[in-house]
Amino acid sequence: MGEALAQTNTAATQEGWWQDLFRADSATKARTGSDLHPLGHLDLPPADVTLVMPDTLKVLDSLDKTNPRPVQGHRIQIYFGNLQEARSTRAAFRRDHPDTPCQLMPIDPNYAVTVGNYRDVWSARRALKEGAVGTWKHALVIPSDIDLPALR
């Protein structure tokens, strides 16, 4: 019987503890005419926040901003072969698509020409299928580190 009484008292105590959080004090009640605490209109003084950062962290922060880590994404490889043909393919692509990024990547002993910066494989495949980067006989989507567009 003692356990049942203890459970009842605990339940009664726990039942309404949170309701007091929303009751207004006498000054707030007199000002607003409400019994509930106006949570959105607390009379708190404005806070001043000062961040203190050690110089070692400032250096790391500036290094990260000057040398951002590449983001994993996808590019479309339009050519893979010798250096002379790779340069020729890159020049032709840049002439036809001046606004699309184009990279010449060495992959010993050959070279690859990759185009675009796509965050996911689906957008890269869509660009390839729709001919947004031209039509290339052996083009394929490959995972690659990509450059993000500059923030405005």
# chains A, B, ... in the order shown; residues from 1 in each chain; ligands from 1
call {"tool": "residues_around", "arguments": {"residues": "Ile76 in chain A", "least_positions_apart": "6", "cutoff": "6 Å", "atoms": "only C-alpha atoms", "output": "list of chain:residue names"}}
result
A:Thr114, A:Val115, A:Leu140, A:Val141
call {"tool": "select_by_dssp", "arguments": {"residues": "range 43-134 of chain A", "states": "strand (DSSP E or B)", "output": "ChimeraX atom specification"}}
result
/A:71-81,102-107,110-118
call {"tool": "closest_residue", "arguments": {"among": "A:Leu51, A:Ile146, A:Ala112, A:Ala139", "to": "His74 in chain A", "atoms": "only C-alpha atoms"}}
result
A:Ile146
call {"tool": "residues_around", "arguments": {"residues": "Thr135 in chain A", "least_positions_apart": "5", "cutoff": "9 Å", "atoms": "only C-alpha atoms", "output": "list in words"}}
result
Ile78, Leu128 and Lys129 of chain A
call {"tool": "closest_residue", "arguments": {"among": "A:Gly73, A:Ile142, A:Gly116, A:Pro46", "to": "His97 in chain A", "atoms": "only C-alpha atoms"}}
result
A:Gly116
call {"tool": "atom_distance", "arguments": {"atom1": "CA of Gly81 in chain A", "atom2": "CA of Arg94 in chain A"}}
result
18.1 Å
call {"tool": "atom_distance", "arguments": {"atom1": "CA of Leu104 in chain A", "atom2": "CA of Arg126 in chain A"}}
result
22.2 Å
